[in-house]
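Reproduced below: target04.json, with JSON, C-alpha atoms.
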[["chain", "number", "residue", "atom", "x", "y", "z"],
["A", 1, "MET", "CA", 0.00, 0.00, 0.00],
["A", 2, "TYR", "CA", 1.34, 3.42, -0.96],
["A", 3, "ALA", "CA", 1.04, 6.62, 1.06],
["A", 4, "GLU", "CA", 1.71, 9.93, -0.71],
["A", 5, "LEU", "CA", 3.51, 12.26, 1.69],
["A", 6, "PHE", "CA", 3.99, 15.35, -0.50],
["A", 7, "CYS", "CA", 0.94, 16.82, -2.22],
["A", 8, "GLN", "CA", 0.06, 20.44, -2.98],
["A", 9, "THR", "CA", -3.46, 21.65, -3.75],
["A", 10, "ASN", "CA", -4.73, 24.87, -5.33],
["A", 11, "PHE", "CA", -4.16, 26.45, -1.91],
["A", 12, "SER", "CA", -0.49, 26.50, -2.92],
["A", 13, "PHE", "CA", -1.02, 29.60, -5.05],
["A", 14, "LEU", "CA", -0.03, 29.20, -8.73],
["A", 15, "THR", "CA", 1.34, 25.72, -8.01],
["A", 16, "GLY", "CA", -1.34, 23.09, -7.38],
["A", 17, "ALA", "CA", -3.98, 22.56, -10.07],
["A", 18, "SER", "CA", -6.52, 20.49, -8.11],
["A", 19, "GLN", "CA", -8.75, 21.10, -5.13],
["A", 20, "PRO", "CA", -8.21, 19.24, -1.84],
["A", 21, "GLU", "CA", -11.52, 17.39, -2.30],
["A", 22, "GLU", "CA", -10.46, 16.09, -5.70],
["A", 23, "LEU", "CA", -7.09, 14.91, -4.45],
["A", 24, "ILE", "CA", -8.37, 13.04, -1.39],
["A", 25, "ALA", "CA", -11.13, 11.39, -3.43],
["A", 26, "ARG", "CA", -8.66, 10.26, -6.11],
["A", 27, "ALA", "CA", -6.22, 8.93, -3.52],
["A", 28, "ASP", "CA", -9.03, 6.84, -2.04],
["A", 29, "PHE", "CA", -10.10, 5.62, -5.49],
["A", 30, "LEU", "CA", -6.52, 4.53, -6.24],
["A", 31, "GLY", "CA", -6.32, 2.61, -2.99],
["A", 32, "TYR", "CA", -3.73, 4.78, -1.25],
["A", 33, "SER", "CA", -3.34, 4.01, 2.44],
["A", 34, "ALA", "CA", -2.79, 7.71, 3.22],
["A", 35, "LEU", "CA", -2.47, 11.14, 1.64],
["A", 36, "ALA", "CA", -0.61, 14.07, 3.17],
["A", 37, "ILE", "CA", -1.90, 17.49, 2.14],
["A", 38, "THR", "CA", 1.22, 19.65, 2.29],
["A", 39, "ASP", "CA", 0.55, 23.09, 0.85],
["A", 40, "GLU", "CA", 3.38, 25.61, 0.99],
["A", 41, "CYS", "CA", 3.54, 27.24, 4.43],
["A", 42, "SER", "CA", -0.17, 26.59, 4.88],
["A", 43, "VAL", "CA", -2.72, 24.13, 6.23],
["A", 44, "ALA", "CA", -5.61, 25.85, 4.43],
["A", 45, "GLY", "CA", -6.49, 22.85, 2.25],
["A", 46, "ILE", "CA", -6.78, 20.41, 5.14],
["A", 47, "VAL", "CA", -10.30, 21.44, 6.23],
["A", 48, "ARG", "CA", -11.85, 20.85, 2.82],
["A", 49, "ALA", "CA", -10.01, 17.56, 2.38],
["A", 50, "TYR", "CA", -11.21, 16.38, 5.79],
["A", 51, "ALA", "CA", -14.80, 17.46, 5.04],
["A", 52, "GLU", "CA", -14.74, 15.46, 1.79],
["A", 53, "LYS", "CA", -13.28, 12.42, 3.53],
["A", 54, "ARG", "CA", -15.94, 12.55, 6.22],
["A", 55, "GLN", "CA", -18.87, 13.27, 3.91],
["A", 56, "GLN", "CA", -17.94, 10.54, 1.42],
["A", 57, "GLN", "CA", -16.73, 8.15, 4.16],
["A", 58, "LEU", "CA", -13.40, 7.66, 2.41],
["A", 59, "ALA", "CA", -11.06, 5.01, 3.79],
["A", 60, "VAL", "CA", -7.81, 6.80, 2.96],
["A", 61, "LYS", "CA", -6.03, 8.34, 5.94],
["A", 62, "LEU", "CA", -5.50, 12.12, 5.80],
["A", 63, "ILE", "CA", -2.16, 13.41, 7.10],
["A", 64, "ILE", "CA", -1.63, 17.06, 7.99],
["A", 65, "GLY", "CA", 1.56, 18.69, 6.82],
["A", 66, "SER", "CA", 3.17, 21.60, 5.01],
["A", 67, "TYR", "CA", 5.97, 22.28, 2.53],
["A", 68, "PHE", "CA", 8.66, 24.91, 3.16],
["A", 69, "ARG", "CA", 11.61, 26.49, 1.39],
["A", 70, "LEU", "CA", 14.50, 28.18, 3.21],
["A", 71, "ASN", "CA", 16.72, 30.62, 1.29],
["A", 72, "ASP", "CA", 16.30, 28.72, -2.00],
["A", 73, "GLU", "CA", 18.66, 26.03, -0.74],
["A", 74, "PHE", "CA", 16.68, 23.86, 1.68],
["A", 75, "ASP", "CA", 13.30, 22.31, 0.87],
["A", 76, "CYS", "CA", 11.39, 20.15, 3.30],
["A", 77, "VAL", "CA", 7.99, 18.74, 4.18],
["A", 78, "LEU", "CA", 6.84, 18.71, 7.80],
["A", 79, "LEU", "CA", 4.26, 16.10, 8.79],
["A", 80, "CYS", "CA", 2.13, 15.90, 11.92],
["A", 81, "PRO", "CA", 1.85, 12.51, 13.66],
["A", 82, "ASN", "CA", -0.07, 13.96, 16.62],
["A", 83, "SER", "CA", -1.73, 17.08, 18.03],
["A", 84, "ALA", "CA", 1.51, 18.39, 19.53],
["A", 85, "ALA", "CA", 3.09, 18.30, 16.08],
["A", 86, "TYR", "CA", 0.08, 20.12, 14.62],
["A", 87, "SER", "CA", 0.44, 22.92, 17.17],
["A", 88, "GLU", "CA", 4.14, 23.09, 16.38],
["A", 89, "LEU", "CA", 3.47, 23.29, 12.64],
["A", 90, "CYS", "CA", 0.92, 26.07, 13.09],
["A", 91, "ARG", "CA", 3.42, 28.03, 15.18],
["A", 92, "ILE", "CA", 6.07, 27.71, 12.45],
["A", 93, "ILE", "CA", 3.60, 28.82, 9.75],
["A", 94, "THR", "CA", 2.40, 31.79, 11.84],
["A", 95, "ASN", "CA", 5.93, 33.00, 12.60],
["A", 96, "ALA", "CA", 7.06, 32.60, 8.98],
["A", 97, "ARG", "CA", 4.04, 34.54, 7.70],
["A", 98, "ARG", "CA", 4.50, 37.34, 10.23],
["A", 99, "ARG", "CA", 8.06, 37.98, 9.02],
["A", 100, "ALA", "CA", 6.96, 38.69, 5.45],
["A", 101, "THR", "CA", 4.47, 40.77, 3.51],
["A", 102, "LYS", "CA", 0.98, 39.42, 2.87],
["A", 103, "GLY", "CA", 0.99, 36.40, 0.60],
["A", 104, "GLU", "CA", 4.65, 35.63, 1.29],
["A", 105, "TYR", "CA", 6.57, 33.91, 4.08],
["A", 106, "GLN", "CA", 10.08, 33.89, 5.47],
["A", 107, "LEU", "CA", 11.20, 30.68, 7.13],
["A", 108, "ASP", "CA", 14.09, 30.99, 9.55],
["A", 109, "GLU", "CA", 16.66, 28.36, 10.48],
["A", 110, "TRP", "CA", 15.50, 28.83, 14.06],
["A", 111, "ASP", "CA", 12.03, 27.53, 13.06],
["A", 112, "LEU", "CA", 13.59, 24.26, 11.95],
["A", 113, "LYS", "CA", 15.88, 24.01, 14.98],
["A", 114, "THR", "CA", 12.92, 24.19, 17.35],
["A", 115, "ILE", "CA", 11.07, 21.21, 15.83],
["A", 116, "ARG", "CA", 10.37, 18.59, 18.47],
["A", 117, "HIS", "CA", 7.26, 16.75, 17.30],
["A", 118, "CYS", "CA", 6.95, 17.05, 13.50],
["A", 119, "LEU", "CA", 8.46, 14.50, 11.12],
["A", 120, "LEU", "CA", 10.75, 16.04, 8.52],
["A", 121, "ILE", "CA", 11.19, 14.95, 4.91],
["A", 122, "TRP", "CA", 14.20, 16.66, 3.37],
["A", 123, "LEU", "CA", 14.12, 17.26, -0.38],
["A", 124, "PRO", "CA", 17.82, 17.80, -1.24],
["A", 125, "SER", "CA", 18.88, 20.18, -4.00],
["A", 126, "ASP", "CA", 21.26, 19.07, -6.74],
["A", 127, "ASN", "CA", 24.03, 21.19, -5.21],
["A", 128, "GLU", "CA", 26.47, 18.73, -3.65],
["A", 129, "GLN", "CA", 27.95, 21.29, -1.26],
["A", 130, "GLN", "CA", 24.49, 22.18, 0.04],
["A", 131, "GLN", "CA", 23.60, 18.50, 0.34],
["A", 132, "HIS", "CA", 26.50, 17.79, 2.69],
["A", 133, "ARG", "CA", 25.97, 20.97, 4.68],
["A", 134, "TRP", "CA", 22.31, 20.24, 5.36],
["A", 135, "ALA", "CA", 22.82, 16.52, 5.96],
["A", 136, "LYS", "CA", 25.26, 17.38, 8.75],
["A", 137, "TRP", "CA", 22.87, 20.04, 10.08],
["A", 138, "LEU", "CA", 19.98, 17.58, 10.17],
["A", 139, "LEU", "CA", 22.05, 14.92, 11.91],
["A", 140, "ARG", "CA", 23.01, 17.49, 14.53],
["A", 141, "HIS", "CA", 19.50, 18.78, 15.19],
["A", 142, "HIS", "CA", 17.06, 16.06, 14.09],
["A", 143, "PRO", "CA", 18.80, 12.67, 13.85],
["A", 144, "ALA", "CA", 15.71, 10.65, 14.77],
["A", 145, "ASN", "CA", 12.90, 12.27, 12.78],
["A", 146, "THR", "CA", 14.41, 13.02, 9.35],
["A", 147, "TRP", "CA", 13.99, 11.21, 6.04],
["A", 148, "ILE", "CA", 15.38, 11.98, 2.60],
["A", 149, "GLY", "CA", 12.52, 12.36, 0.15],
["A", 150, "VAL", "CA", 13.25, 10.86, -3.26],
["A", 151, "GLN", "CA", 11.09, 11.88, -6.22],
["A", 152, "ARG", "CA", 10.98, 10.62, -9.78],
["A", 153, "LEU", "CA", 11.02, 13.87, -11.75],
["A", 154, "LEU", "CA", 11.48, 12.28, -15.21],
["A", 155, "LEU", "CA", 14.64, 14.26, -15.84],
["A", 156, "ALA", "CA", 17.36, 13.28, -18.31],
["A", 157, "ASN", "CA", 19.75, 12.41, -15.46],
["A", 158, "GLU", "CA", 17.10, 10.66, -13.35],
["A", 159, "SER", "CA", 19.03, 7.49, -12.51],
["A", 160, "GLN", "CA", 22.21, 9.44, -11.72],
["A", 161, "ARG", "CA", 20.29, 11.79, -9.40],
["A", 162, "ILE", "CA", 18.63, 8.90, -7.55],
["A", 163, "ASP", "CA", 21.98, 7.10, -7.20],
["A", 164, "SER", "CA", 23.50, 10.26, -5.69],
["A", 165, "LEU", "CA", 20.66, 10.51, -3.16],
["A", 166, "GLN", "CA", 21.10, 6.87, -2.21],
["A", 167, "LEU", "CA", 24.80, 7.52, -1.65],
["A", 168, "LEU", "CA", 23.92, 10.59, 0.44],
["A", 169, "ALA", "CA", 21.56, 8.48, 2.55],
["A", 170, "GLU", "CA", 24.20, 5.80, 3.08],
["A", 171, "THR", "CA", 26.91, 8.33, 3.92],
["A", 172, "TYR", "CA", 24.88, 10.03, 6.64],
["A", 173, "GLN", "CA", 22.71, 7.06, 7.65],
["A", 174, "LEU", "CA", 19.48, 8.90, 6.86],
["A", 175, "PRO", "CA", 16.52, 6.76, 5.76],
["A", 176, "ILE", "CA", 14.90, 7.30, 2.36],
["A", 177, "CYS", "CA", 11.20, 7.62, 1.64],
["A", 178, "ALA", "CA", 9.47, 7.84, -1.73],
["A", 179, "CYS", "CA", 7.31, 10.88, -2.44],
["A", 180, "THR", "CA", 5.89, 12.23, -5.66],
["A", 181, "GLY", "CA", 5.14, 15.90, -5.15],
["A", 182, "VAL", "CA", 1.59, 15.67, -6.47],
["A", 183, "LEU", "CA", 0.17, 18.83, -8.07],
["A", 184, "MET", "CA", -3.00, 17.49, -9.75],
["A", 185, "HIS", "CA", -5.45, 14.62, -9.38],
["A", 186, "GLU", "CA", -5.70, 13.70, -13.07],
["A", 187, "ALA", "CA", -3.62, 14.11, -16.22],
["A", 188, "GLU", "CA", -6.25, 16.37, -17.82],
["A", 189, "ARG", "CA", -5.21, 19.11, -15.37],
["A", 190, "LEU", "CA", -1.68, 19.24, -16.79],
["A", 191, "PRO", "CA", -2.37, 22.18, -19.18],
["A", 192, "LEU", "CA", -3.78, 24.20, -16.26],
["A", 193, "GLN", "CA", -0.83, 23.28, -14.07],
["A", 194, "GLN", "CA", 1.57, 24.37, -16.81],
["A", 195, "VAL", "CA", -0.19, 27.73, -17.14],
["A", 196, "LEU", "CA", -0.04, 28.23, -13.37],
["A", 197, "THR", "CA", 3.68, 27.44, -13.34],
["A", 198, "ALA", "CA", 4.40, 29.77, -16.28],
["A", 199, "THR", "CA", 2.44, 32.56, -14.57],
["A", 200, "ARG", "CA", 4.34, 32.07, -11.33],
["A", 201, "LEU", "CA", 7.70, 32.10, -13.11],
["A", 202, "GLY", "CA", 6.78, 34.99, -15.38],
["A", 203, "THR", "CA", 7.44, 33.08, -18.59],
["A", 204, "THR", "CA", 5.54, 31.43, -21.45],
["A", 205, "VAL", "CA", 4.28, 27.85, -21.46]]
Can the structure in the file be given as C-alpha cells, please?
Amino acid sequence: MYAELFCQTNFSFLTGASQPEELIARADFLGYSALAITDECSVAGIVRAYAEKRQQQLAVKLIIGSYFRLNDEFDCVLLCPNSAAYSELCRIITNARRRATKGEYQLDEWDLKTIRHCLLIWLPSDNEQQQHRWAKWLLRHHPANTWIGVQRLLLANESQRIDSLQLLAETYQLPICACTGVLMHEAERLPLQQVLTATRLGTTV
C-alpha cells in the first residue's frame, strides 16, 4: 500500500492545479493508504479535504503537513503525527508569515531548529555542497525524525540523481522515503498546471 507524503493543492497559489476534495477522493479511489496534504507554508487545504473524507466516508487516511523552502537552498515537508506536532506546525507557519508581507513567508533556520514533534522529509537540492551541509545540520538537530525524500522527476539524469541521493543516505545514515510531489489529481489538469507554473515564473508555457 502506498502513502503519498507530498501533495500540494490549489491552496499553494499558482502551483497546485486540483482542489483538496479532488485529491483526497482520487487517492481513495486509487487505494492509497494515506495522503498528506502539504501546501506551501499553509494548512488551508486540510479542512476541505477532511470534510470530503468525512462526507464521502473515504477510507484513505489524511495526514496534515506543510511544505517549506528556506533561502532557496533547503526544501522540506513537515508532517504531523499527533496534536503536539500540529500545534508546532501552526506556530512555524504563523511565525514565517509574520516575518513577510501578505501572501509571502520567510522561514528561519530557528524555526527548523525548534522542531520537536513534527516529522521532517528533506528534499535535497542538486548542489552537492548544500547537500553535505544540510545533511550534517539535520544529523546534529534532528537525527531521529528526518527522512530523505526521493522523487521521480522524469529528468534526463534521473538514474544518476537517484543514485547520488542513495549515496547521500548511506553516507549520513538517513533513511529514504518515496514521495511524488503531487500537483494534480488527473492528467487532464496538466495544461492548467503548466499555465499556473508559467504565470508564477513569469514566462511562457
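Comparing the minimum interatomic distances between A:Phe6 and each of A:Glu88, A:Asp39, A:Glu21, A:Glu73, counting all atoms listed in the file, we find that A:Asp39 sits nearest.
The closest residue to A:Leu5, picked from A:Gln166, A:Ser33, A:Thr197, A:Ser18 and counting only C-alpha atoms, is A:Ser33.
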Name the residues in contact with stretch 173-190 of chain A at a cut-off of 6 Å, using all atoms listed in the file, excluding same-chain residues fewer than 2 positions from it; report them as a VMD selection string.
chain A and resid 4 to 8 16 to 18 23 147 to 151 169 to 171 192 to 193
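Put simply, atom CA of A:Arg91 is 12.1 Å away from atom CA of A:His117.
Here atom CA of A:Trp137 is placed at a distance of 20.2 Å from atom CA of A:Ala96.
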Can you pull out the residues contacting A:Asp108? Cut-off 10 Å, using only C-alpha atoms, and skip same-chain residues under 4 positions away; I want them as a ChimeraX atom specification.
/A:69-71,92,95-96,99,112-113
Counting all atoms listed in the file, which residues sit no farther than 10 Å from the position (20.0, 16.1, 7.0) in the file's frame? I'd like them as a PyMOL selection string.
chain A and resi 74+120-124+131-143+145-148+168-169+172-174
Store the residues picked out above in a file with C-alpha atoms, as a short mmCIF file (atom, residue, chain, number, x, y, z; two decimals), keeping the file's coordinate frame.
data_model
loop_
_atom_site.label_atom_id
_atom_site.label_comp_id
_atom_site.auth_asym_id
_atom_site.auth_seq_id
_atom_site.Cartn_x
_atom_site.Cartn_y
_atom_site.Cartn_z
CA PHE A 74 16.68 23.86 1.68
CA LEU A 120 10.75 16.04 8.52
CA ILE A 121 11.19 14.95 4.91
CA TRP A 122 14.20 16.66 3.37
CA LEU A 123 14.12 17.26 -0.38
CA PRO A 124 17.82 17.80 -1.24
CA GLN A 131 23.60 18.50 0.34
CA HIS A 132 26.50 17.79 2.69
CA ARG A 133 25.97 20.97 4.68
CA TRP A 134 22.31 20.24 5.36
CA ALA A 135 22.82 16.52 5.96
CA LYS A 136 25.26 17.38 8.75
CA TRP A 137 22.87 20.04 10.08
CA LEU A 138 19.98 17.58 10.17
CA LEU A 139 22.05 14.92 11.91
CA ARG A 140 23.01 17.49 14.53
CA HIS A 141 19.50 18.78 15.19
CA HIS A 142 17.06 16.06 14.09
CA PRO A 143 18.80 12.67 13.85
CA ASN A 145 12.90 12.27 12.78
CA THR A 146 14.41 13.02 9.35
CA TRP A 147 13.99 11.21 6.04
CA ILE A 148 15.38 11.98 2.60
CA LEU A 168 23.92 10.59 0.44
CA ALA A 169 21.56 8.48 2.55
CA TYR A 172 24.88 10.03 6.64
CA GLN A 173 22.71 7.06 7.65
CA LEU A 174 19.48 8.90 6.86
#
If we count all atoms listed in the file, what is near A:Ile46 at a cut-off of 9 Å, once residues fewer than 3 positions away on the same chain are taken out, given as a count of residues only?
12
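In this comparison, which uses all atoms listed in the file, the residue of A:Leu165, A:Ala59, A:Cys118, A:Cys80 approaching A:Ala144 most closely is A:Cys118.
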Between A:Val60, A:Leu155, A:Leu14, A:Ala100, smallest distance to A:Ala36 by only C-alpha atoms belongs to A:Val60
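Nearest residue to A:Phe13 among A:Arg98, A:Trp110, A:Leu196, A:Ser83 is A:Leu196, counting only C-alpha atoms.
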Separating atom CA of A:Ser66 from atom CA of A:Lys53, to the nearest tenth of an Å, is a gap of 18.9 Å
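Residue nearest A:Thr15 within the list A:Glu40, A:Gln160, A:Glu104, A:Tyr32: A:Glu40 [criterion: smallest interatomic distance, all atoms listed in the file].
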Residue contacts of A:Glu52 (9 Å, all atoms listed in the file) excluding same-chain residues fewer than 2 positions away, as a count of residues only
14
Repaired coordinates for stretch 55-67 of chain A (N, CA, C and O atoms) as a PDB file, in the frame of the given file:
ATOM      1  N   GLN A  55     -17.587  13.306   4.608  1.00  0.00           N
ATOM      2  CA  GLN A  55     -18.870  13.270   3.910  1.00  0.00           C
ATOM      3  C   GLN A  55     -18.997  12.029   3.025  1.00  0.00           C
ATOM      4  O   GLN A  55     -20.053  11.392   2.973  1.00  0.00           O
ATOM      5  N   GLN A  56     -17.914  11.682   2.332  1.00  0.00           N
ATOM      6  CA  GLN A  56     -17.940  10.540   1.420  1.00  0.00           C
ATOM      7  C   GLN A  56     -17.503   9.236   2.092  1.00  0.00           C
ATOM      8  O   GLN A  56     -17.482   8.191   1.441  1.00  0.00           O
ATOM      9  N   GLN A  57     -17.170   9.310   3.388  1.00  0.00           N
ATOM     10  CA  GLN A  57     -16.730   8.150   4.160  1.00  0.00           C
ATOM     11  C   GLN A  57     -15.566   7.433   3.458  1.00  0.00           C
ATOM     12  O   GLN A  57     -15.588   6.213   3.236  1.00  0.00           O
ATOM     13  N   LEU A  58     -14.556   8.202   3.112  1.00  0.00           N
ATOM     14  CA  LEU A  58     -13.400   7.660   2.410  1.00  0.00           C
ATOM     15  C   LEU A  58     -12.492   6.914   3.393  1.00  0.00           C
ATOM     16  O   LEU A  58     -12.318   7.327   4.540  1.00  0.00           O
ATOM     17  N   ALA A  59     -11.898   5.835   2.918  1.00  0.00           N
ATOM     18  CA  ALA A  59     -11.060   5.010   3.790  1.00  0.00           C
ATOM     19  C   ALA A  59      -9.639   5.537   3.917  1.00  0.00           C
ATOM     20  O   ALA A  59      -8.950   5.235   4.890  1.00  0.00           O
ATOM     21  N   VAL A  60      -9.192   6.315   2.946  1.00  0.00           N
ATOM     22  CA  VAL A  60      -7.810   6.800   2.960  1.00  0.00           C
ATOM     23  C   VAL A  60      -7.558   7.692   4.169  1.00  0.00           C
ATOM     24  O   VAL A  60      -8.396   8.513   4.547  1.00  0.00           O
ATOM     25  N   LYS A  61      -6.402   7.522   4.788  1.00  0.00           N
ATOM     26  CA  LYS A  61      -6.030   8.340   5.940  1.00  0.00           C
ATOM     27  C   LYS A  61      -5.528   9.695   5.460  1.00  0.00           C
ATOM     28  O   LYS A  61      -4.772   9.785   4.494  1.00  0.00           O
ATOM     29  N   LEU A  62      -5.938  10.763   6.123  1.00  0.00           N
ATOM     30  CA  LEU A  62      -5.500  12.120   5.800  1.00  0.00           C
ATOM     31  C   LEU A  62      -4.428  12.547   6.790  1.00  0.00           C
ATOM     32  O   LEU A  62      -4.645  12.512   8.002  1.00  0.00           O
ATOM     33  N   ILE A  63      -3.278  12.954   6.274  1.00  0.00           N
ATOM     34  CA  ILE A  63      -2.160  13.410   7.100  1.00  0.00           C
ATOM     35  C   ILE A  63      -1.987  14.913   6.924  1.00  0.00           C
ATOM     36  O   ILE A  63      -2.017  15.418   5.806  1.00  0.00           O
ATOM     37  N   ILE A  64      -1.826  15.617   8.027  1.00  0.00           N
ATOM     38  CA  ILE A  64      -1.630  17.060   7.990  1.00  0.00           C
ATOM     39  C   ILE A  64      -0.140  17.377   7.864  1.00  0.00           C
ATOM     40  O   ILE A  64       0.693  16.785   8.555  1.00  0.00           O
ATOM     41  N   GLY A  65       0.165  18.309   6.969  1.00  0.00           N
ATOM     42  CA  GLY A  65       1.560  18.690   6.820  1.00  0.00           C
ATOM     43  C   GLY A  65       1.695  20.001   6.061  1.00  0.00           C
ATOM     44  O   GLY A  65       0.705  20.654   5.723  1.00  0.00           O
ATOM     45  N   SER A  66       2.921  20.386   5.763  1.00  0.00           N
ATOM     46  CA  SER A  66       3.170  21.600   5.010  1.00  0.00           C
ATOM     47  C   SER A  66       4.568  21.540   4.393  1.00  0.00           C
ATOM     48  O   SER A  66       5.473  20.893   4.928  1.00  0.00           O
ATOM     49  N   TYR A  67       4.699  22.212   3.262  1.00  0.00           N
ATOM     50  CA  TYR A  67       5.970  22.280   2.530  1.00  0.00           C
ATOM     51  C   TYR A  67       6.611  23.638   2.754  1.00  0.00           C
ATOM     52  O   TYR A  67       5.909  24.664   2.776  1.00  0.00           O
TER      53      TYR A  67
END
